[in-house]
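K.L.:
Data file work_15.txt (compact mmCIF, C-alpha atoms) is appended below.
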```txt
# COMPACT_ATOMS: atom_id res chain seq x y z
CA MET N 1411 0.00 0.00 0.00
CA LYS N 1412 2.78 2.38 1.04
CA ASN N 1413 4.70 1.57 -2.16
CA ILE N 1414 1.65 2.31 -4.30
CA LEU N 1415 1.17 5.67 -2.58
CA LEU N 1416 4.83 6.57 -3.08
CA GLN N 1417 4.62 5.59 -6.74
CA ASP N 1418 1.50 7.76 -7.18
CA LEU N 1419 3.27 10.66 -5.48
CA ALA N 1420 6.30 10.27 -7.72
CA THR N 1421 4.08 10.21 -10.82
CA ASP N 1422 2.21 13.33 -9.64
CA THR N 1423 5.46 15.16 -8.94
CA THR N 1424 6.80 14.31 -12.40
CA LEU N 1425 3.53 15.44 -13.94
CA VAL N 1426 3.58 18.78 -12.04
CA ALA N 1427 7.23 19.34 -13.00
CA SER N 1428 6.52 18.70 -16.66
CA VAL N 1429 3.49 21.04 -16.59
CA VAL N 1430 5.58 23.79 -14.91
CA ALA N 1431 8.36 23.33 -17.48
CA SER N 1432 5.85 23.44 -20.32
CA VAL N 1433 4.22 26.66 -18.97
CA ALA N 1434 7.67 28.27 -18.54
CA ALA N 1435 8.67 27.31 -22.08
CA THR N 1436 5.41 28.72 -23.48
CA ALA N 1437 5.89 31.98 -21.54
CA GLU N 1438 9.44 32.23 -22.88
CA ARG N 1439 8.23 31.64 -26.45
CA VAL N 1440 5.49 34.28 -26.06
CA THR N 1441 8.01 36.82 -24.69
CA ALA N 1442 10.51 36.03 -27.47
CA SER N 1443 7.79 36.37 -30.11
CA ARG N 1444 6.65 39.71 -28.62
CA ASP N 1445 10.26 40.97 -28.58
CA GLU N 1446 10.64 39.95 -32.21
CA GLN N 1447 7.42 41.72 -33.21
CA ASP N 1448 8.58 44.78 -31.31
CA ARG N 1449 11.92 44.74 -33.10
CA ASP N 1450 10.25 44.35 -36.49
CA LEU N 1451 7.92 47.26 -35.77
CA GLU N 1452 10.86 49.44 -34.73
CA ILE N 1453 12.83 48.55 -37.88
CA ALA N 1454 9.78 49.45 -40.00
CA LEU N 1455 9.37 52.76 -38.16
CA VAL N 1456 13.06 53.64 -38.56
CA ALA N 1457 12.86 52.96 -42.31
CA ARG N 1458 9.85 55.29 -42.58
CA VAL N 1459 11.62 57.96 -40.47
CA GLN N 1460 14.62 57.84 -42.81
CA ALA N 1461 12.26 58.60 -45.66
CA GLY N 1462 11.16 61.72 -43.73
CA ASP N 1463 7.86 60.36 -42.32
CA LEU N 1464 7.08 62.56 -39.31
CA ASN N 1465 4.18 60.37 -38.16
CA ALA N 1466 6.48 57.38 -37.87
CA PHE N 1467 8.93 59.53 -35.94
CA GLY N 1468 6.09 60.52 -33.62
CA ARG N 1469 5.47 56.87 -32.86
CA LEU N 1470 9.15 56.31 -32.09
CA VAL N 1471 9.13 59.36 -29.80
CA GLU N 1472 6.11 58.06 -27.92
CA ARG N 1473 7.76 54.67 -27.46
CA HIS N 1474 10.90 56.12 -25.89
CA MET N 1475 10.05 59.55 -24.45
CA ARG N 1476 9.57 58.56 -20.80
CA ARG N 1477 12.74 56.53 -20.65
CA ALA N 1478 14.67 59.34 -22.36
CA GLN N 1479 13.37 61.96 -19.92
CA ARG N 1480 14.15 59.74 -16.93
CA VAL N 1481 17.75 59.12 -17.95
CA ALA N 1482 18.33 62.78 -18.89
CA ALA N 1483 16.92 63.84 -15.52
CA GLY N 1484 19.32 61.43 -13.83
CA LEU N 1485 22.28 62.82 -15.76
CA VAL N 1486 21.55 66.50 -15.11
CA GLY N 1487 19.82 66.11 -11.74
CA ASN N 1488 16.66 67.95 -12.65
CA VAL N 1489 13.34 66.56 -13.88
CA GLU N 1490 12.31 69.61 -15.94
CA ASP N 1491 15.72 69.99 -17.58
CA GLY N 1492 15.63 66.28 -18.38
CA PHE N 1493 12.26 66.80 -20.09
CA ASP N 1494 13.56 69.68 -22.25
CA LEU N 1495 16.84 67.96 -23.10
CA SER N 1496 15.11 64.76 -24.15
CA GLN N 1497 12.91 66.81 -26.51
CA ASP N 1498 15.95 68.65 -27.94
CA ALA N 1499 17.61 65.30 -28.53
CA PHE N 1500 14.57 64.03 -30.47
CA VAL N 1501 14.61 67.16 -32.65
CA ARG N 1502 18.30 66.60 -33.42
CA ALA N 1503 17.74 62.90 -33.95
CA PHE N 1504 15.18 63.61 -36.68
CA ARG N 1505 17.53 66.04 -38.38
CA ALA N 1506 20.33 63.44 -38.25
CA ARG N 1507 18.04 60.56 -39.32
CA HIS N 1508 20.15 59.74 -42.39
CA SER N 1509 22.96 58.46 -40.16
CA LEU N 1510 20.60 55.95 -38.51
CA ASP N 1511 21.35 52.28 -39.16
CA PRO N 1512 17.94 50.63 -39.78
CA ARG N 1513 19.31 47.24 -38.69
CA ARG N 1514 20.10 48.51 -35.21
CA PRO N 1515 17.68 49.56 -32.47
CA PHE N 1516 16.74 53.25 -32.38
CA TYR N 1517 17.16 54.02 -28.70
CA PRO N 1518 20.92 53.33 -28.24
CA TRP N 1519 21.57 55.58 -31.28
CA TYR N 1520 19.30 58.28 -29.90
CA TYR N 1521 20.98 57.96 -26.49
CA GLN N 1522 24.33 59.05 -28.01
CA ILE N 1523 22.70 62.38 -28.97
CA LEU N 1524 20.97 62.69 -25.62
CA ARG N 1525 24.11 62.11 -23.54
CA ARG N 1526 26.08 64.71 -25.53
CA LEU N 1527 23.34 67.25 -24.98
CA CYS N 1528 23.23 66.46 -21.26
CA PHE N 1529 26.99 66.75 -20.82
CA ASN N 1530 27.08 69.99 -22.82
CA PHE N 1531 24.28 71.30 -20.64
CA LEU N 1532 26.22 70.41 -17.47
CA ARG N 1533 29.38 71.97 -18.89
CA ASP N 1534 27.61 75.24 -19.76
CA ARG N 1535 25.91 75.32 -16.38
CA GLY N 1536 29.31 74.77 -14.75
CA ARG N 1537 30.83 77.58 -16.82
CA LEU N 1538 28.17 79.98 -15.63
CA LEU N 1539 29.03 79.02 -12.04
CA GLU N 1540 25.49 77.92 -11.49
CA ARG N 1541 26.29 74.34 -10.64
CA GLN N 1542 24.89 74.00 -7.19
CA GLU N 1543 22.74 71.67 -5.16
CA GLN N 1544 19.42 71.23 -6.89
CA ALA N 1545 16.50 73.12 -5.41
CA THR N 1546 14.02 70.49 -6.55
CA PRO N 1547 14.64 66.87 -5.59
CA TRP N 1548 14.76 64.51 -8.56
CA LEU N 1549 14.68 61.23 -6.67
CA VAL N 1550 11.48 59.93 -5.09
CA ASN N 1551 10.35 56.84 -3.26
CA ASP N 1552 9.78 53.85 -5.45
CA ALA N 1553 6.34 52.79 -4.21
CA ASP N 1554 6.49 49.39 -5.98
CA ARG N 1555 9.83 48.40 -4.63
CA ARG N 1556 9.15 49.44 -1.09
CA ALA N 1557 5.76 47.69 -0.87
CA GLY N 1558 5.32 46.29 2.61
CA ARG N 1559 8.31 48.20 3.96
CA TRP N 1560 6.77 51.61 4.36
CA ARG N 1561 7.01 53.07 7.84
CA PRO N 1562 5.37 56.51 8.22
CA ASP N 1563 7.73 57.44 11.08
CA CYS N 1564 10.69 57.06 8.69
CA GLU N 1565 9.16 59.11 5.88
CA ALA N 1566 10.92 62.40 6.68
CA GLU N 1567 14.19 60.61 7.28
CA THR N 1568 14.08 58.71 3.97
CA ARG N 1569 13.10 61.88 2.09
CA GLU N 1570 16.19 63.58 3.46
CA LEU N 1571 18.28 60.53 2.61
CA ARG N 1572 17.03 60.58 -0.99
CA ARG N 1573 17.78 64.28 -1.26
CA ARG N 1574 21.34 63.64 -0.12
CA LEU N 1575 21.70 60.67 -2.45
CA GLY N 1576 20.46 62.81 -5.37
CA ALA N 1577 23.01 65.52 -4.56
CA ALA N 1578 25.78 62.93 -4.12
CA ILE N 1579 25.01 61.36 -7.52
CA GLN N 1580 25.23 64.78 -9.17
CA ALA N 1581 28.63 65.33 -7.55
CA LEU N 1582 30.06 62.19 -9.23
CA PRO N 1583 32.41 62.53 -12.22
CA ASP N 1584 30.35 62.42 -15.43
CA HIS N 1585 31.47 58.99 -16.66
CA GLU N 1586 30.79 57.37 -13.27
CA LYS N 1587 27.44 59.11 -12.95
CA GLU N 1588 26.37 57.98 -16.41
CA THR N 1589 27.24 54.33 -15.73
CA PHE N 1590 25.49 54.46 -12.35
CA VAL N 1591 22.33 56.08 -13.76
CA LEU N 1592 22.11 53.60 -16.65
CA ARG N 1593 22.47 50.68 -14.27
CA GLU N 1594 20.31 51.84 -11.39
CA PHE N 1595 17.59 53.90 -13.04
CA ASP N 1596 17.42 52.46 -16.55
CA ASP N 1597 17.97 48.85 -15.43
CA LEU N 1598 20.50 48.10 -18.14
CA ARG N 1599 22.67 44.99 -17.89
CA TYR N 1600 26.46 45.36 -17.84
CA ARG N 1601 26.71 44.03 -21.41
CA GLU N 1602 24.26 46.68 -22.66
CA ILE N 1603 26.02 49.53 -20.87
CA ALA N 1604 29.33 48.35 -22.33
CA GLU N 1605 27.84 48.32 -25.85
CA TRP N 1606 26.17 51.71 -25.50
CA LEU N 1607 29.24 53.44 -24.10
CA ASP N 1608 31.68 51.45 -26.22
CA ILE N 1609 33.75 50.30 -23.24
CA PRO N 1610 34.67 46.82 -21.92
CA VAL N 1611 32.39 45.17 -19.32
CA GLY N 1612 35.28 45.30 -16.84
CA THR N 1613 35.33 49.10 -17.17
CA VAL N 1614 31.58 49.22 -16.49
CA MET N 1615 32.19 47.28 -13.27
CA SER N 1616 35.13 49.42 -12.18
CA ARG N 1617 33.17 52.63 -12.88
CA LEU N 1618 30.25 51.30 -10.86
CA TYR N 1619 32.56 50.36 -8.03
CA ALA N 1620 34.19 53.80 -8.03
CA ALA N 1621 30.78 55.52 -8.15
CA ARG N 1622 29.32 53.44 -5.33
CA ARG N 1623 32.37 53.84 -3.19
CA ARG N 1624 32.23 57.61 -3.60
CA LEU N 1625 28.49 57.70 -2.90
CA ALA N 1626 28.85 55.56 0.22
CA ALA N 1627 31.63 57.86 1.43
CA MET N 1628 29.54 60.98 0.73
CA LEU N 1629 26.56 59.55 2.56
CA ASP N 1630 28.80 58.35 5.39
CA GLU N 1631 30.03 61.93 5.86
CA SER N 1632 26.48 62.85 6.80
CA GLY N 1633 26.10 59.62 8.82
CA GLU N 1634 23.36 58.29 6.56
CA THR N 1635 24.40 54.76 5.69
CA SER N 1636 25.86 53.89 9.06
CA MET I 1293 60.71 41.36 -11.07
CA SER I 1294 61.26 40.80 -7.32
CA GLU I 1295 59.14 38.49 -5.18
CA ASN I 1296 57.64 41.54 -3.48
CA ASP I 1297 56.56 42.99 -6.83
CA ILE I 1298 54.95 39.71 -7.81
CA ARG I 1299 53.11 39.52 -4.47
CA ASN I 1300 51.94 43.12 -4.86
CA GLU I 1301 50.68 42.48 -8.36
CA GLU I 1302 48.81 39.39 -7.20
CA ARG I 1303 47.25 41.34 -4.34
CA ILE I 1304 46.12 44.13 -6.68
CA ARG I 1305 44.62 41.60 -9.09
CA SER I 1306 42.85 39.81 -6.26
CA GLU I 1307 41.39 43.10 -4.93
CA GLU I 1308 40.19 44.06 -8.38
CA ARG I 1309 38.60 40.67 -8.82
CA ALA I 1310 36.88 40.98 -5.43
CA ARG I 1311 35.48 44.43 -6.36
CA ASN I 1312 34.12 43.14 -9.64
CA LEU I 1313 32.52 40.20 -7.84
CA MET I 1314 30.91 42.59 -5.33
CA MET I 1315 29.45 44.66 -8.18
CA ALA I 1316 28.17 41.57 -9.98
CA ALA I 1317 26.57 40.32 -6.76
CA LEU I 1318 24.89 43.67 -6.05
CA ASP I 1319 23.47 43.79 -9.59
CA ASP I 1320 22.37 40.15 -9.81
CA GLU I 1321 24.90 39.37 -12.50
CA ILE I 1322 26.89 36.82 -10.53
CA SER I 1323 27.10 33.07 -11.16
CA ALA I 1324 26.91 30.45 -8.40
CA GLU I 1325 30.65 29.70 -8.62
CA ASP I 1326 31.56 33.38 -8.50
CA ARG I 1327 29.37 33.83 -5.45
CA VAL I 1328 31.34 31.12 -3.66
CA GLU I 1329 34.55 32.93 -4.63
CA LEU I 1330 33.16 36.22 -3.31
CA GLU I 1331 32.28 34.58 0.02
CA ARG I 1332 35.86 33.38 0.24
CA HIS I 1333 37.24 36.86 -0.40
CA LEU I 1334 34.91 38.32 2.25
CA ALA I 1335 35.91 35.70 4.79
CA ASP I 1336 39.59 36.44 4.11
CA SER I 1337 39.41 40.22 4.56
CA LYS I 1338 37.62 42.16 7.27
CA ALA I 1339 38.08 45.44 5.38
CA LEU I 1340 36.45 43.96 2.31
CA ASP I 1341 33.61 42.57 4.39
CA ALA I 1342 33.00 46.02 5.97
CA GLU I 1343 32.99 47.60 2.52
CA TRP I 1344 30.56 44.95 1.30
CA VAL I 1345 28.13 45.87 4.11
CA ARG I 1346 28.30 49.59 3.18
CA LEU I 1347 27.82 48.88 -0.51
CA ARG I 1348 24.79 46.69 0.21
CA GLN I 1349 23.26 49.48 2.32
CA LEU I 1350 23.80 51.94 -0.51
CA LYS I 1351 22.27 49.51 -2.99
CA GLU I 1352 19.20 49.19 -0.78
CA VAL I 1353 18.78 52.98 -0.57
CA THR I 1354 19.12 53.24 -4.37
CA ARG I 1355 16.74 50.32 -4.93
CA MET I 1356 14.05 52.12 -2.93
CA SER I 1357 14.38 55.29 -5.03
CA ARG I 1358 13.39 56.16 -8.55
CA ILE I 1359 13.69 59.26 -10.73
CA ASP I 1360 10.68 61.50 -10.33
CA THR I 1361 8.14 61.57 -13.16
CA LEU I 1362 6.12 64.48 -14.54
CA PRO I 1363 2.32 64.78 -14.47
CA GLU I 1364 0.51 62.91 -17.26
CA GLU I 1365 -0.71 66.11 -18.97
CA ARG I 1366 2.89 67.08 -19.75
CA TRP I 1367 3.31 63.94 -21.84
CA THR I 1368 0.27 64.66 -23.99
CA THR I 1369 2.00 67.72 -25.46
CA TYR I 1370 5.48 66.15 -25.68
CA TRP I 1371 5.35 65.01 -29.31
CA ARG I 1372 3.31 68.04 -30.46
CA SER I 1373 6.06 70.34 -29.20
CA ILE I 1374 8.77 68.37 -31.07
CA TYR I 1375 6.63 68.35 -34.22
CA ASN I 1376 6.17 72.14 -34.07
CA ARG I 1377 9.88 72.70 -33.65
CA LEU I 1378 10.73 70.47 -36.61
CA GLU I 1379 8.15 72.21 -38.78
CA ARG I 1380 9.31 75.69 -37.73
CA GLY I 1381 12.96 74.73 -38.17
CA LEU I 1382 12.34 74.10 -41.87
CA GLY I 1383 10.45 77.40 -42.06
CA TRP I 1384 13.36 79.31 -40.52
CA ILE I 1385 15.87 77.75 -42.91
CA LEU I 1386 13.76 78.76 -45.95
CA VAL I 1387 13.16 82.29 -44.60
CA SER I 1388 16.90 82.73 -43.89
CA ILE I 1389 17.94 81.56 -47.37
CA GLY I 1390 15.37 83.86 -48.99
CA ALA I 1391 16.42 86.84 -46.83
CA ILE I 1392 20.14 86.37 -47.58
CA VAL I 1393 19.60 86.08 -51.36
CA LEU I 1394 17.17 89.00 -51.56
CA GLY I 1395 19.23 91.18 -49.18
CA GLY I 1396 22.42 90.55 -51.18
CA TRP I 1397 20.68 91.24 -54.46
CA GLY I 1398 19.13 94.47 -53.08
CA LEU I 1399 22.44 95.72 -51.67
CA TRP I 1400 24.28 95.01 -54.91
CA HIS I 1401 21.72 96.96 -56.95
CA ALA I 1402 21.62 99.82 -54.45
CA ALA I 1403 25.43 100.11 -54.55
CA GLN I 1404 25.46 100.00 -58.36
CA GLY I 1405 22.77 102.71 -58.51
CA LEU I 1406 24.69 104.95 -56.12
CA PHE I 1407 28.04 104.61 -57.88
CA ASP I 1408 26.48 105.15 -61.33
CA ASP I 1409 24.66 108.30 -60.17
CA PRO I 1410 26.60 111.30 -61.66
CA THR I 1411 24.84 113.78 -59.31
CA LEU I 1412 26.22 112.07 -56.15
CA PRO I 1413 29.38 113.86 -54.87
CA LEU I 1414 32.61 111.81 -54.87
CA THR I 1415 33.04 112.19 -51.08
CA ILE I 1416 29.70 110.45 -50.46
CA LYS I 1417 30.69 107.64 -52.81
CA ILE I 1418 33.99 107.24 -50.90
CA ALA I 1419 32.10 107.25 -47.58
CA ILE I 1420 29.75 104.51 -48.80
CA PHE I 1421 32.70 102.46 -50.03
CA ALA I 1422 34.50 102.95 -46.66
CA LEU I 1423 31.38 101.88 -44.76
CA GLY I 1424 31.02 98.71 -46.83
CA PHE I 1425 34.72 97.83 -46.77
CA GLY I 1426 34.98 98.57 -43.01
CA SER I 1427 32.04 96.26 -42.33
CA VAL I 1428 33.78 93.45 -44.24
CA ILE I 1429 37.02 93.98 -42.22
CA LEU I 1430 35.08 93.90 -38.93
CA ALA I 1431 33.21 90.75 -39.94
CA VAL I 1432 36.48 88.99 -40.91
CA SER I 1433 38.15 90.09 -37.65
CA VAL I 1434 35.30 88.84 -35.47
CA GLY I 1435 35.22 85.58 -37.43
CA ARG I 1436 38.96 85.08 -36.92
CA GLU I 1437 38.66 85.76 -33.18
CA LYS I 1438 35.86 83.19 -32.87
CA LEU I 1439 37.93 80.64 -34.77
CA SER I 1440 40.92 81.24 -32.51
CA ALA I 1441 38.75 80.91 -29.37
CA TRP I 1442 37.32 77.65 -30.71
CA ARG I 1443 40.82 76.26 -31.37
CA HIS I 1444 41.83 76.88 -27.76
CA ASP I 1445 38.54 75.67 -26.27
CA PRO I 1446 39.37 72.77 -23.91
CA TYR I 1447 35.81 71.44 -24.31
CA LYS I 1448 35.72 71.42 -28.10
CA GLU I 1449 36.03 67.61 -28.22
CA ILE I 1450 32.59 67.43 -26.63
CA GLU I 1451 30.23 67.51 -29.58
CA ARG I 1452 27.23 69.74 -29.49
```
Translate the structure described by the file into C-alpha cells.

P.N.:
Amino acid sequence: MKNILLQDLATDTTLVASVVASVAATAERVTASRDEQDRDLEIALVARVQAGDLNAFGRLVERHMRRAQRVAAGLVGNVEDGFDLSQDAFVRAFRARHSLDPRRPFYPWYYQILRRLCFNFLRDRGRLLERQEQATPWLVNDADRRAGRWRPDCEAETRELRRRLGAAIQALPDHEKETFVLREFDDLRYREIAEWLDIPVGTVMSRLYAARRRLAAMLDESGETS
Amino acid sequence: MSENDIRNEERIRSEERARNLMMAALDDEISAEDRVELERHLADSKALDAEWVRLRQLKEVTRMSRIDTLPEERWTTYWRSIYNRLERGLGWILVSIGAIVLGGWGLWHAAQGLFDDPTLPLTIKIAIFALGFGSVILAVSVGREKLSAWRHDPYKEIER
C-alpha cells in the first residue's frame, strides 16, 4: 500500500514538474515572439523615419520619451531639464536621421545624442558658475519596490536621505554618474552599458565600483548609511 | 621582477577581482561559482567585508528610489512640441535663405545705382565704399577671433 502511494506521489510530482516546465517554455516563447514583433515594428518605423515620415517619428518618440526623460533627468539632476533635453535630442535625432542604421535599435543611437546634450548642458551650467545643489529633488520613493516596507515614522528621514543621495550622484564625475544612472535607473545589464558606451564590461564594473564607493563615502560623511 | 613585486601584483589583481565580484553580486549578474569565490574573499578580509556591508546598504537605498516623473498632462504635449519645432525649423531655414539672397541682391543693386549716379558727390561715394569695406574687415576680424577661441577651447572635443 505504502509503495503504491509513493509511486502515485512520484508520478504526480513528475507530472507537475513537466506542466511547470511546459508553462515556462510557453511563456518564454510568447516573450521572445513579442520581442521579435517589437523589433520588427521598430525597424519598419526607422525605415519610414529615414524617408522623412514625421508620423512614424512621432510613434518612435512616444515609445521612448519617458525613458529618455528619466535618464536625462538622472544625468543632469533635474526633472524639468531632463524633459527639455530629451525633446531637444529628439529634434536633433530627426535632423540626423540619415545616419541611422535601420538594422540597429533606435534608442541606443538616440541615447548618443541625448548624452552629448546632457553633458554639454552640465558643462555650460558649470561655466556659468550655477552648478549648485538642486533646489528640486529629482529622486522619489519607489512605491512598488518598497511595498510592505513603508514606515510613516521614517518618511521624513528617507526623504532627506534621498535628497542627499540625489546631490551625491550629481557630484560624481560624469562617466561614473552615467554608468550608475544607466544601471540603477534604466535597469540596463552590464553588457548593454558596455555596448552603449563602447567600453569593456570590466570598465563598467570598475566605474560602478568607483561611483558606489564615492556615494557611500559621501553619505557616510552625513552619517546616513551607518 | 622581485618576489615583493609579484606579491603586490597578485594582491592588486585579487582586490580588483573581489570588487568586480561585489558589483556583480549587487546587480544580480553573478554566477553560483563566482558567489562562492566572493564569500571566500569576504571571509579572508575584514576590510572587504565592511565595505561589502556599506555597498549593500547603498544599494538598498538606491533600490528604494526612482527618478521623479512628470504629471501625465505634460506627456500629452510632448510630441506636439517636437513636431512644431521640426516644422518651424524648416520654415526658418527657408526664410533665412530667402532673406540672404534678396538682401544681397538688393544691396548690390543699391550700390550700383549709387556709384552710377553722376549727381552724387565723390566724397559720399567714398564714404559709402569705406562703410562697406569697413564692415567686411570687422566681420572677418570677429570671425577670426571666434575661430581662434574655438581652437583653444578645452571642451571642443565634446560635440554639441

K.L.:
Using only C-alpha atoms, which protein or nucleic acid residues come within 10 Å of stretch 1463-1467 of chain N? Drop anything in the same chain fewer than 3 positions from it, and give the result as a ChimeraX atom specification.

P.N.:
/N:1452,1454-1460,1470-1473,1500,1503-1504,1507 /I:1371,1375,1378-1379

K.L.:
Select, as an NGL selection string, those residues of chain N with any atom no more than 8 Å from chain I (distances computed using only C-alpha atoms).

P.N.:
:N and (1464 or 1468 or 1471-1472 or 1480 or 1483-1484 or 1489 or 1497-1498 or 1500-1501 or 1526-1527 or 1530 or 1548-1553 or 1555-1556 or 1572 or 1594-1595 or 1612 or 1615-1616 or 1618-1619 or 1622-1623 or 1625-1626 or 1635-1636)

K.L.:
Record the distance separating atom CA of I:Trp1384 and atom CA of I:Arg1443, expressed in Å with one decimal.

P.N.:
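Computing it gives 29.1 Å between the two atoms.
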
K.L.:
Env of stretch 1396-1403 of chain I: 10 Å cut, atoms = all atoms listed in the file, seq-sep filter 4 positions within chain, self excluded. Answer as a PyMOL selection string.

P.N.:
chain I and resi 1390-1392+1407-1409+1417+1420-1421+1424

K.L.:
List the neighbours of N:Val1486 out to 12 Å using all atoms listed in the file; skip same-chain residues closer than 2 positions along the sequence, and give me the result as an MDAnalysis selection string.

P.N.:
(chainID N and resid 1479:1484 1488:1496 1524:1536 1541:1544 1547:1548 1576:1577 1579:1584 1587:1588 1591) or (chainID I and resid 1359)
